[in-house]
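Peer 1: As input, take run_20.pdb (PDB, C-alpha atoms, pLDDT in the B column):
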```pdb
ATOM      1  CA  MET A 107      51.927 141.294  26.139  1.00 52.00           C
ATOM      2  CA  ILE A 108      49.726 139.832  23.430  1.00 58.00           C
ATOM      3  CA  GLY A 109      48.811 142.030  20.516  1.00 63.00           C
ATOM      4  CA  LEU A 110      47.995 141.944  16.853  1.00 59.00           C
ATOM      5  CA  ASP A 111      50.429 142.911  14.189  1.00 65.00           C
ATOM      6  CA  PRO A 112      48.701 145.930  12.586  1.00 63.00           C
ATOM      7  CA  GLY A 113      49.125 144.295   9.206  1.00 63.00           C
ATOM      8  CA  ALA A 114      47.797 140.902  10.206  1.00 59.00           C
ATOM      9  CA  THR A 115      44.398 139.432   9.490  1.00 60.00           C
ATOM     10  CA  VAL A 116      43.088 136.773  11.846  1.00 57.00           C
ATOM     11  CA  SER A 117      40.934 134.241  10.098  1.00 58.00           C
ATOM     12  CA  THR A 118      39.238 132.937  13.263  1.00 61.00           C
ATOM     13  CA  PRO A 119      35.484 133.512  12.962  1.00 66.00           C
ATOM     14  CA  CYS A 120      34.478 136.316  15.290  1.00 66.00           C
ATOM     15  CA  PRO A 121      30.824 136.379  16.359  1.00 74.00           C
ATOM     16  CA  PRO A 122      29.243 139.796  16.719  1.00 91.00           C
ATOM     17  CA  MET A 123      29.470 140.857  20.349  1.00 94.00           C
ATOM     18  CA  ARG A 124      28.017 143.568  22.527  1.00 95.00           C
ATOM     19  CA  LEU A 125      29.268 144.662  25.930  1.00 97.00           C
ATOM     20  CA  GLY A 126      27.621 146.224  28.957  1.00 98.00           C
ATOM     21  CA  PHE A 127      29.037 147.365  32.284  1.00 98.00           C
ATOM     22  CA  ASP A 128      27.468 148.875  35.381  1.00 98.00           C
ATOM     23  CA  LEU A 129      28.748 149.920  38.783  1.00 97.00           C
ATOM     24  CA  VAL A 130      26.535 150.291  41.865  1.00 98.00           C
ATOM     25  CA  GLN A 131      27.266 151.651  45.320  1.00 97.00           C
ATOM     26  CA  VAL A 132      26.363 149.021  47.918  1.00 98.00           C
ATOM     27  CA  SER A 133      25.531 151.683  50.518  1.00 98.00           C
ATOM     28  CA  GLN A 134      22.979 153.187  48.115  1.00 97.00           C
ATOM     29  CA  VAL A 135      21.275 149.816  47.744  1.00 98.00           C
ATOM     30  CA  ALA A 136      21.288 149.366  51.535  1.00 98.00           C
ATOM     31  CA  ALA A 137      19.736 152.820  51.932  1.00 97.00           C
ATOM     32  CA  SER A 138      17.007 151.974  49.388  1.00 98.00           C
ATOM     33  CA  MET A 139      16.271 148.695  51.188  1.00 97.00           C
ATOM     34  CA  GLU A 140      15.905 150.651  54.407  1.00 97.00           C
ATOM     35  CA  ARG A 141      13.788 153.406  52.840  1.00 97.00           C
ATOM     36  CA  PHE A 142      11.436 151.391  50.637  1.00 97.00           C
ATOM     37  CA  GLY A 143      11.573 147.954  52.259  1.00 95.00           C
ATOM     38  CA  ALA A 144      10.004 144.990  50.495  1.00 96.00           C
ATOM     39  CA  LEU A 145       8.613 147.205  47.735  1.00 96.00           C
ATOM     40  CA  TYR A 146      12.142 147.971  46.557  1.00 97.00           C
ATOM     41  CA  GLU A 147      13.240 144.350  46.694  1.00 97.00           C
ATOM     42  CA  THR A 148      10.233 142.744  45.029  1.00 97.00           C
ATOM     43  CA  ARG A 149      10.152 145.362  42.271  1.00 97.00           C
ATOM     44  CA  LEU A 150      13.724 144.723  41.235  1.00 98.00           C
ATOM     45  CA  PHE A 151      14.550 141.153  42.117  1.00 98.00           C
ATOM     46  CA  THR A 152      13.081 137.703  41.515  1.00 98.00           C
ATOM     47  CA  PRO A 153      12.222 135.331  44.377  1.00 97.00           C
ATOM     48  CA  LEU A 154      15.330 133.244  43.596  1.00 97.00           C
ATOM     49  CA  GLU A 155      17.592 136.292  43.668  1.00 97.00           C
ATOM     50  CA  LEU A 156      16.112 137.403  46.983  1.00 97.00           C
ATOM     51  CA  GLU A 157      16.430 133.899  48.401  1.00 96.00           C
ATOM     52  CA  TYR A 158      20.117 133.718  47.508  1.00 95.00           C
ATOM     53  CA  ALA A 159      20.864 137.240  48.749  1.00 95.00           C
ATOM     54  CA  GLY A 160      19.015 136.539  51.989  1.00 92.00           C
ATOM     55  CA  CYS A 161      21.108 133.458  52.804  1.00 91.00           C
ATOM     56  CA  ASP A 162      23.634 135.722  54.487  1.00 91.00           C
ATOM     57  CA  GLU A 163      22.261 138.939  55.953  1.00 90.00           C
ATOM     58  CA  ALA A 164      25.774 140.390  56.254  1.00 91.00           C
ATOM     59  CA  VAL A 165      26.187 140.506  52.482  1.00 95.00           C
ATOM     60  CA  ARG A 166      22.558 140.892  51.429  1.00 96.00           C
ATOM     61  CA  ALA A 167      22.943 144.473  50.167  1.00 97.00           C
ATOM     62  CA  GLU A 168      26.213 143.598  48.461  1.00 97.00           C
ATOM     63  CA  ARG A 169      24.626 140.702  46.594  1.00 97.00           C
ATOM     64  CA  LEU A 170      21.600 142.736  45.567  1.00 98.00           C
ATOM     65  CA  ALA A 171      23.853 145.593  44.418  1.00 98.00           C
ATOM     66  CA  ALA A 172      25.777 143.180  42.179  1.00 98.00           C
ATOM     67  CA  ARG A 173      22.517 141.819  40.786  1.00 98.00           C
ATOM     68  CA  PHE A 174      21.173 145.279  40.060  1.00 98.00           C
ATOM     69  CA  ALA A 175      24.447 146.108  38.298  1.00 98.00           C
ATOM     70  CA  ALA A 176      24.058 142.908  36.254  1.00 98.00           C
ATOM     71  CA  LYS A 177      20.530 143.846  35.179  1.00 98.00           C
ATOM     72  CA  GLU A 178      21.670 147.314  34.127  1.00 98.00           C
ATOM     73  CA  ALA A 179      24.678 145.850  32.297  1.00 98.00           C
ATOM     74  CA  VAL A 180      22.347 143.533  30.350  1.00 98.00           C
ATOM     75  CA  ILE A 181      20.087 146.486  29.522  1.00 97.00           C
ATOM     76  CA  LYS A 182      23.123 148.389  28.223  1.00 97.00           C
ATOM     77  CA  ALA A 183      24.500 145.458  26.245  1.00 97.00           C
ATOM     78  CA  LEU A 184      21.151 144.752  24.606  1.00 97.00           C
ATOM     79  CA  ARG A 185      20.353 148.472  24.260  1.00 96.00           C
ATOM     80  CA  LEU A 186      17.010 148.085  26.015  1.00 97.00           C
ATOM     81  CA  GLY A 187      17.076 151.387  27.910  1.00 95.00           C
ATOM     82  CA  ASN A 188      14.039 152.765  26.133  1.00 95.00           C
ATOM     83  CA  GLU A 189      12.191 149.501  25.530  1.00 96.00           C
ATOM     84  CA  GLY A 190      10.229 149.509  28.780  1.00 95.00           C
ATOM     85  CA  ILE A 191      11.143 146.266  30.501  1.00 95.00           C
ATOM     86  CA  GLY A 192      10.915 145.157  34.121  1.00 96.00           C
ATOM     87  CA  TRP A 193      14.077 144.393  36.068  1.00 97.00           C
ATOM     88  CA  ARG A 194      12.699 141.006  37.113  1.00 98.00           C
ATOM     89  CA  GLU A 195      12.785 139.896  33.486  1.00 98.00           C
ATOM     90  CA  ILE A 196      16.569 139.745  33.864  1.00 98.00           C
ATOM     91  CA  GLU A 197      17.505 137.176  36.488  1.00 98.00           C
ATOM     92  CA  VAL A 198      20.915 136.345  37.907  1.00 98.00           C
ATOM     93  CA  LEU A 199      21.302 132.733  38.986  1.00 96.00           C
ATOM     94  CA  LYS A 200      24.034 131.463  41.263  1.00 94.00           C
ATOM     95  CA  LEU A 201      25.377 128.183  39.931  1.00 92.00           C
ATOM     96  CA  ALA A 202      26.624 125.268  41.998  1.00 91.00           C
ATOM     97  CA  ASP A 203      30.205 125.895  40.877  1.00 92.00           C
ATOM     98  CA  GLY A 204      30.078 129.478  42.166  1.00 88.00           C
ATOM     99  CA  ASP A 205      29.683 131.143  38.783  1.00 91.00           C
ATOM    100  CA  CYS A 206      26.638 133.235  37.933  1.00 94.00           C
ATOM    101  CA  ASP A 207      24.416 132.960  34.893  1.00 96.00           C
ATOM    102  CA  VAL A 208      21.791 135.270  33.391  1.00 97.00           C
ATOM    103  CA  LEU A 209      18.294 134.181  32.469  1.00 97.00           C
ATOM    104  CA  LEU A 210      16.032 136.402  30.384  1.00 98.00           C
ATOM    105  CA  HIS A 211      12.286 136.182  30.749  1.00 98.00           C
ATOM    106  CA  GLY A 212       9.150 137.584  29.129  1.00 96.00           C
ATOM    107  CA  ARG A 213       9.461 140.508  26.766  1.00 96.00           C
ATOM    108  CA  THR A 214      13.190 140.863  27.398  1.00 97.00           C
ATOM    109  CA  ALA A 215      13.737 137.281  26.259  1.00 97.00           C
ATOM    110  CA  GLU A 216      11.587 137.928  23.201  1.00 97.00           C
ATOM    111  CA  LEU A 217      13.510 141.090  22.272  1.00 96.00           C
ATOM    112  CA  ALA A 218      16.815 139.255  22.753  1.00 96.00           C
ATOM    113  CA  ARG A 219      15.598 136.414  20.540  1.00 96.00           C
ATOM    114  CA  ARG A 220      14.651 138.897  17.802  1.00 95.00           C
ATOM    115  CA  MET A 221      18.106 140.488  18.060  1.00 94.00           C
ATOM    116  CA  GLY A 222      19.682 137.099  17.521  1.00 95.00           C
ATOM    117  CA  VAL A 223      21.216 136.780  20.974  1.00 96.00           C
ATOM    118  CA  GLU A 224      22.878 133.402  21.373  1.00 95.00           C
ATOM    119  CA  ARG A 225      24.635 133.780  24.722  1.00 95.00           C
ATOM    120  CA  VAL A 226      24.769 136.233  27.580  1.00 97.00           C
ATOM    121  CA  LEU A 227      27.911 135.979  29.699  1.00 97.00           C
ATOM    122  CA  LEU A 228      28.181 137.662  33.084  1.00 97.00           C
ATOM    123  CA  SER A 229      30.973 138.501  35.483  1.00 97.00           C
ATOM    124  CA  LEU A 230      30.303 140.106  38.872  1.00 97.00           C
ATOM    125  CA  SER A 231      32.794 141.782  41.170  1.00 96.00           C
ATOM    126  CA  HIS A 232      32.806 143.486  44.569  1.00 94.00           C
ATOM    127  CA  ASP A 233      35.240 145.840  46.226  1.00 96.00           C
ATOM    128  CA  GLY A 234      34.297 147.677  49.390  1.00 95.00           C
ATOM    129  CA  ASP A 235      31.287 149.869  48.751  1.00 97.00           C
ATOM    130  CA  TYR A 236      31.071 149.016  45.062  1.00 98.00           C
ATOM    131  CA  ALA A 237      29.630 146.133  43.090  1.00 98.00           C
ATOM    132  CA  GLY A 238      30.161 145.865  39.368  1.00 98.00           C
ATOM    133  CA  ALA A 239      28.870 143.680  36.583  1.00 98.00           C
ATOM    134  CA  PHE A 240      30.258 143.068  33.139  1.00 98.00           C
ATOM    135  CA  VAL A 241      28.069 141.475  30.483  1.00 98.00           C
ATOM    136  CA  SER A 242      29.068 140.154  27.105  1.00 97.00           C
ATOM    137  CA  VAL A 243      26.370 139.286  24.596  1.00 97.00           C
ATOM    138  CA  GLN A 244      27.084 137.008  21.671  1.00 95.00           C
ATOM    139  CA  LEU A 245      24.855 137.476  18.637  1.00 94.00           C
ATOM    140  CA  LYS A 246      24.174 135.092  15.786  1.00 90.00           C
ATOM    141  CA  HIS A 247      25.787 135.823  12.474  1.00 75.00           C
ATOM    142  CA  ASP A 248      25.046 134.312   9.115  1.00 60.00           C
ATOM    143  CA  GLU A 249      28.493 134.515   7.606  1.00 46.00           C
ATOM    144  CA  PRO A 250      31.828 134.061   9.374  1.00 48.00           C
ATOM    145  CA  ALA A 251      33.617 137.366   9.772  1.00 45.00           C
ATOM    146  CA  ALA A 252      37.323 137.807  10.319  1.00 45.00           C
ATOM    147  CA  CYS A 253      38.526 139.329  13.583  1.00 45.00           C
ATOM    148  CA  GLY A 254      40.998 142.156  13.341  1.00 43.00           C
ATOM    149  CA  ALA A 255      41.530 144.542  10.490  1.00 40.00           C
ATOM    150  CA  ALA A 256      43.721 144.056   7.483  1.00 38.00           C
ATOM    151  CA  ALA A 257      46.041 146.890   6.614  1.00 36.00           C
ATOM    152  CA  SER A 258      44.668 148.849   3.717  1.00 35.00           C
TER     153      SER A 258
ATOM    154  CA  MET B 605      -5.771 165.373  43.752  1.00 53.00           C
ATOM    155  CA  ILE B 606      -2.425 167.041  43.092  1.00 62.00           C
ATOM    156  CA  GLY B 607      -2.627 170.046  40.727  1.00 65.00           C
ATOM    157  CA  VAL B 608      -0.215 170.616  37.840  1.00 63.00           C
ATOM    158  CA  GLN B 609       1.975 173.138  39.684  1.00 69.00           C
ATOM    159  CA  ASP B 610       1.841 171.121  42.878  1.00 90.00           C
ATOM    160  CA  ALA B 611       2.764 168.049  40.847  1.00 93.00           C
ATOM    161  CA  GLU B 612       5.881 169.741  39.482  1.00 95.00           C
ATOM    162  CA  ALA B 613       6.822 170.910  42.982  1.00 96.00           C
ATOM    163  CA  THR B 614       6.351 167.363  44.286  1.00 97.00           C
ATOM    164  CA  ILE B 615       8.477 165.942  41.463  1.00 98.00           C
ATOM    165  CA  ARG B 616      11.221 168.461  42.217  1.00 97.00           C
ATOM    166  CA  ALA B 617      11.087 167.624  45.933  1.00 97.00           C
ATOM    167  CA  ILE B 618      11.382 163.906  45.170  1.00 98.00           C
ATOM    168  CA  LEU B 619      14.292 164.525  42.815  1.00 98.00           C
ATOM    169  CA  ARG B 620      15.971 166.610  45.528  1.00 97.00           C
ATOM    170  CA  ASP B 621      15.587 163.776  48.040  1.00 97.00           C
ATOM    171  CA  HIS B 622      16.295 160.776  45.806  1.00 97.00           C
ATOM    172  CA  GLY B 623      17.819 161.866  42.485  1.00 97.00           C
ATOM    173  CA  ARG B 624      21.402 162.417  43.691  1.00 96.00           C
ATOM    174  CA  LEU B 625      21.614 165.372  41.321  1.00 97.00           C
ATOM    175  CA  LYS B 626      24.699 167.543  41.217  1.00 95.00           C
ATOM    176  CA  GLN B 627      22.652 170.674  40.596  1.00 93.00           C
ATOM    177  CA  ASP B 628      19.970 172.526  42.522  1.00 95.00           C
ATOM    178  CA  VAL B 629      16.809 170.887  41.230  1.00 96.00           C
ATOM    179  CA  GLY B 630      14.839 174.025  42.058  1.00 94.00           C
ATOM    180  CA  ALA B 631      16.824 175.949  39.467  1.00 95.00           C
ATOM    181  CA  MET B 632      16.685 173.295  36.766  1.00 96.00           C
ATOM    182  CA  ASP B 633      14.659 173.710  33.611  1.00 97.00           C
ATOM    183  CA  ALA B 634      11.790 171.207  33.379  1.00 97.00           C
ATOM    184  CA  GLY B 635      13.309 169.840  30.198  1.00 97.00           C
ATOM    185  CA  ALA B 636      16.862 169.479  31.530  1.00 97.00           C
ATOM    186  CA  ASP B 637      18.404 166.004  31.264  1.00 97.00           C
ATOM    187  CA  LEU B 638      18.456 164.479  34.743  1.00 98.00           C
ATOM    188  CA  TYR B 639      20.948 161.774  33.792  1.00 97.00           C
ATOM    189  CA  ARG B 640      23.385 164.404  32.555  1.00 97.00           C
ATOM    190  CA  SER B 641      22.858 166.144  35.891  1.00 97.00           C
ATOM    191  CA  GLY B 642      24.110 163.127  37.782  1.00 96.00           C
ATOM    192  CA  MET B 643      21.115 160.864  38.297  1.00 97.00           C
ATOM    193  CA  THR B 644      22.228 157.230  38.170  1.00 96.00           C
ATOM    194  CA  SER B 645      20.062 154.342  37.030  1.00 95.00           C
ATOM    195  CA  HIS B 646      19.822 153.202  40.641  1.00 97.00           C
ATOM    196  CA  ALA B 647      18.797 156.675  41.804  1.00 97.00           C
ATOM    197  CA  SER B 648      16.075 156.657  39.158  1.00 97.00           C
ATOM    198  CA  VAL B 649      14.627 153.546  40.845  1.00 97.00           C
ATOM    199  CA  ASN B 650      14.371 155.468  44.109  1.00 98.00           C
ATOM    200  CA  VAL B 651      12.765 158.377  42.265  1.00 98.00           C
ATOM    201  CA  MET B 652      10.256 156.007  40.679  1.00 98.00           C
ATOM    202  CA  LEU B 653       9.318 154.395  44.007  1.00 98.00           C
ATOM    203  CA  ALA B 654       8.993 157.782  45.715  1.00 98.00           C
ATOM    204  CA  LEU B 655       6.798 159.070  42.858  1.00 98.00           C
ATOM    205  CA  GLU B 656       4.574 156.003  43.172  1.00 97.00           C
ATOM    206  CA  GLY B 657       4.135 156.689  46.865  1.00 96.00           C
ATOM    207  CA  ALA B 658       3.468 160.401  46.445  1.00 96.00           C
ATOM    208  CA  PHE B 659       1.037 160.105  43.519  1.00 96.00           C
ATOM    209  CA  ASP B 660      -0.515 156.755  44.437  1.00 95.00           C
ATOM    210  CA  VAL B 661       0.298 155.228  41.064  1.00 96.00           C
ATOM    211  CA  GLU B 662       2.364 152.318  39.806  1.00 96.00           C
ATOM    212  CA  PHE B 663       4.635 152.566  36.802  1.00 97.00           C
ATOM    213  CA  PRO B 664       3.929 149.491  34.648  1.00 96.00           C
ATOM    214  CA  ASP B 665       6.879 147.700  33.072  1.00 95.00           C
ATOM    215  CA  HIS B 666       6.247 149.239  29.646  1.00 94.00           C
ATOM    216  CA  MET B 667       6.836 152.704  31.157  1.00 96.00           C
ATOM    217  CA  LEU B 668      10.148 151.758  32.767  1.00 96.00           C
ATOM    218  CA  LYS B 669      12.123 153.556  30.106  1.00 96.00           C
ATOM    219  CA  ARG B 670      15.160 155.736  30.503  1.00 96.00           C
ATOM    220  CA  ASN B 671      13.457 158.557  28.594  1.00 96.00           C
ATOM    221  CA  VAL B 672      10.423 158.535  30.952  1.00 97.00           C
ATOM    222  CA  PHE B 673      12.698 159.550  33.845  1.00 98.00           C
ATOM    223  CA  SER B 674      15.044 161.760  31.853  1.00 97.00           C
ATOM    224  CA  SER B 675      13.497 165.129  32.776  1.00 98.00           C
ATOM    225  CA  ILE B 676      10.960 166.760  35.075  1.00 98.00           C
ATOM    226  CA  ALA B 677       8.710 167.342  32.064  1.00 97.00           C
ATOM    227  CA  SER B 678       8.861 163.708  30.909  1.00 98.00           C
ATOM    228  CA  ILE B 679       8.105 162.481  34.443  1.00 98.00           C
ATOM    229  CA  GLN B 680       5.140 164.835  34.595  1.00 97.00           C
ATOM    230  CA  ARG B 681       3.841 163.536  31.253  1.00 97.00           C
ATOM    231  CA  ALA B 682       4.100 159.955  32.491  1.00 97.00           C
ATOM    232  CA  LEU B 683       2.284 160.816  35.721  1.00 97.00           C
ATOM    233  CA  ASP B 684      -0.436 162.596  33.727  1.00 95.00           C
ATOM    234  CA  GLU B 685      -0.870 159.426  31.692  1.00 95.00           C
ATOM    235  CA  LEU B 686      -1.040 157.242  34.796  1.00 95.00           C
ATOM    236  CA  THR B 687      -3.412 159.450  36.750  1.00 89.00           C
ATOM    237  CA  ALA B 688      -5.715 159.876  33.730  1.00 86.00           C
ATOM    238  CA  ALA B 689      -6.035 156.110  33.322  1.00 69.00           C
TER     239      ALA B 689
END
```
Kindly return the structure encoded in the file as structure tokens.

Peer 2:
Amino acid sequence: MIGLDPGATVSTPCPPMRLGFDLVQVSQVAASMERFGALYETRLFTPLELEYAGCDEAVRAERLAARFAAKEAVIKALRLGNEGIGWREIEVLKLADGDCDVLLHGRTAELARRMGVERVLLSLSHDGDYAGAFVSVQLKHDEPAACGAAAS
Amino acid sequence: MIGVQDAEATIRAILRDHGRLKQDVGAMDAGADLYRSGMTSHASVNVMLALEGAFDVEFPDHMLKRNVFSSIASIQRALDELTAA
């Protein structure tokens, strides 16, 4: 187990971070796709997200559930819940190496820029009827800050 | 045109069908917090789409706020704004 000695101070610069997590039931996404059809999909997802999800019909709902979770996790991490932004302004891209990346567009990108967001990191996961997304946001900082707390 | 009381009844019916609430929506106060009553962010999308269909409106991006969908009263205010436009 790796831990910090309570009395230790770590001098490694630690950028300000924010975290966001969201969990979505795949069956609920499938039900919404069935109930609202294309309206549901085009309101929430970008053409690229829909193209990737549609490559394999068997996992379409699962992929869209993970992407919705990612969008909500970004909203939580950036604290945008009451800013009034569209879900399509947060886009999940599948990279050639299998990883996923997040792109911010429009007003969401502008708000993130004003907050000093330098990087948005994303991890997606699936298990049965659930899809989850974890987002870590790295913010700019002017002065290096030490990680960990010194004993007082 | 849907009247004020009919509008609230329609909102309650939509919340019953799509909100995944843990309480009887018919007994809820109009100001009660829907998220605290079990509505998830994904369920709120379904509520929004059902409201758009029922009231023939479209919620613009700037109204896609957590607090717009946080209670029956706040939903009704948003619909009033959209239908008055």

Peer 1: For the provided coordinates, the residues matched by the PyMOL selection byres ((chain B) within 8 of (chain A)) should be stated as a VMD selection string.

Peer 2: chain B and resid 645 to 646 650 653 665 to 671

Peer 1: Take the PyMOL selection byres ((chain B and resi 630) around 10), run it mentally on this structure, and tell me the resulting residues as a PyMOL selection string.

Peer 2: chain B and resi 613+616-617+619-620+627-629+631-634

Peer 1: Find, counting all atoms listed in the file, the residue in B:Asp637, B:Leu655, B:Leu625, B:Gly642 that gets nearest to Gln680 (chain B).

Peer 2: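 Among the listed residues, the smallest separation from Gln680 (chain B) belongs to B:Leu655.
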
Peer 1: In Å, rounded to a single decimal, give me how far CA of Ala611 (chain B) is from CA of Glu656 (chain B).

Peer 2: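 Separation between CA of Glu656 (chain B) and CA of Ala611 (chain B): 12.4 Å.
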
Peer 1: Near Glu168 (chain A), counting only C-alpha atoms, which residues have an atom at most 8 Å away, once you skip same-chain residues fewer than 2 positions from it, shown as a VMD selection string?

Peer 2: chain A and resid 132 135 165 to 166 170 to 172 232 237

Peer 1: Name all residues at most 12 Å from Ala688 (chain B) (count all atoms listed in the file; drop same-chain ones fewer than 5 positions away) and give them as a ChimeraX atom specification.

Peer 2: /B:605,659,661,680-683

Peer 1: As an exercise, work out the distance from CA of Phe127 (chain A) to CA of Arg624 (chain B) in Å and give it to one decimal place.

Peer 2: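 Taking CA of Phe127 (chain A) and CA of Arg624 (chain B), their separation equals 20.4 Å.
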
Peer 1: Pick out the closest residue to Ser133 (chain A) from this set: A:Glu224, A:Asp235, A:Leu209, A:Phe240. Count all atoms listed in the file.

Peer 2: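 Nearest candidate to Ser133 (chain A) out of A:Glu224, A:Asp235, A:Leu209, A:Phe240: A:Asp235.
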
Peer 1: So which residues touch Thr644 (chain B) within 8 Å, counting all atoms listed in the file, skipping near sequence neighbours fewer than 3 positions away, as a ChimeraX atom specification?

Peer 2: /B:623-624,639,647-648

Peer 1: Rounded to one decimal, what separation in Å do you get between CA of Val243 (chain A) and CA of Met123 (chain A)?

Peer 2: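 Answer for the CA of Val243 (chain A) to CA of Met123 (chain A) separation: 5.5 Å.
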